[in-house]
Amino acid sequence: MIDKWAGVRERVGRLGTRPARGQVFGAYGHRWALEEPLTEVELAGLEDQIGVRLPEEYRTFLLHVAAGGAGPAYGLFPVRRVQDRWRWEGDGADLADLSKLADPFPAQGPDPKSLDELLARRPEEEDFEEIEEFDDAIEAWDEQWYALVYAPERTAGAIAISHLGCALREWLVLSGVHRGTIWSDLRADDGDVTPLLDGDGKPVTFARWYTAWLEEAERLAAAAPSEA
């Protein structure tokens, strides 16, 4: 597993020096910087706190590449120790309930019938005479929607690890039958949390997710015109 990450940190570093580095989506967010890797002691402390062993591909990345930083979209959320407690930091990282990371991740979201009924009741501005009335109605509806689709148990056993913008994120499953796979969070677009699949329809694991991003970034950099 360590061989999978051999030279990855150096490859990312080289990309950060290329003239075309800004053409990679999200690069202005992570700026090609990588955190220092965790030590074995730090990783043990993290896993002891959350009560679960991290998926092997991710834990070896933390040990041999970085604790976060440059990566897919706006970067890989770093895991840091703050006031003697470990936590992941990033836009939406706090959506993960760290007390539920050992619980099996649920493959299914809210009951489709409940979602359809709630969507059918979504207020429309043209149905209100006063904008203030519409604002009150949509605020109340948003609270119901959030309570249904963002219930903590929906993402039990997983951590948010990357932000794609517009409140769209990706999660890494730590526990259950989907352990080690990446899931896309489309709830901000009235969708659900769904598995990220490759071209053959197979679930994408952490290593494939990260290395596919790195390979595409290198391709973009190689294809860009050289600096005069």
# chains A, B, ... in the order shown; residues from 1 in each chain; ligands from 1
>>> select_by_dssp(residues="region 4-227 of chain A", states="alpha helix (DSSP H)", output="VMD selection string")
chain A and resid 8 to 15 27 to 30 40 to 50 56 to 64 112 to 120 131 to 149 206 to 223
>>> select_by_dssp(residues="region 33-224 of chain A", states="strand (DSSP E)", output="PyMOL selection string")
chain A and resi 79-82+85-88+158-165+168-173+182-185+193-195
>>> closest_atom_pairs(of="region 30-111 of chain A", to="region 212-216 of chain A", cutoff="12 Å", atoms="only C-alpha atoms", output="Markdown table")
| residue | atom | partner | partner_atom | distance |
| --- | --- | --- | --- | --- |
| A:Trp32 | CA | A:Leu214 | CA | 11.2 |
| A:Ala70 | CA | A:Leu214 | CA | 9.5 |
| A:Gly71 | CA | A:Trp213 | CA | 7.0 |
| A:Pro72 | CA | A:Trp213 | CA | 5.7 |
| A:Ala73 | CA | A:Trp213 | CA | 8.6 |
| A:Tyr74 | CA | A:Trp213 | CA | 11.5 |
| A:Gly75 | CA | A:Trp213 | CA | 10.4 |
| A:Leu76 | CA | A:Trp213 | CA | 11.3 |
>>> closest_residue(among="A:Leu54, A:Leu186, A:Leu15, A:Leu95", to="Ala151 (chain A)", atoms="only C-alpha atoms")
A:Leu95
>>> closest_residue(among="A:Glu218, A:Asp185, A:Asp192, A:Asp84", to="Gln108 (chain A)", atoms="only C-alpha atoms")
A:Asp192
>>> atom_distance(atom1="CA of His30 (chain A)", atom2="CA of Val8 (chain A)")
16.0 Å
>>> closest_residue(among="A:Phe128, A:Ala102, A:Gly69, A:Lys202", to="Gly90 (chain A)", atoms="only C-alpha atoms")
A:Gly69
>>> closest_residue(among="A:Ala27, A:Arg85, A:Asp142, A:Gly13", to="Leu46 (chain A)", atoms="only C-alpha atoms")
A:Arg85
>>> atom_distance(atom1="CA of Leu196 (chain A)", atom2="CA of Trp183 (chain A)")
5.1 Å
>>> closest_residue(among="A:Pro152, A:Gly109, A:Leu118, A:Glu126", to="Thr194 (chain A)", atoms="only C-alpha atoms")
A:Gly109
>>> atom_distance(atom1="CA of Pro112 (chain A)", atom2="CA of Ala147 (chain A)")
14.7 Å
>>> closest_residue(among="A:Val52, A:Val204, A:Ile138, A:Ala44", to="Glu170 (chain A)", atoms="only C-alpha atoms")
A:Val204
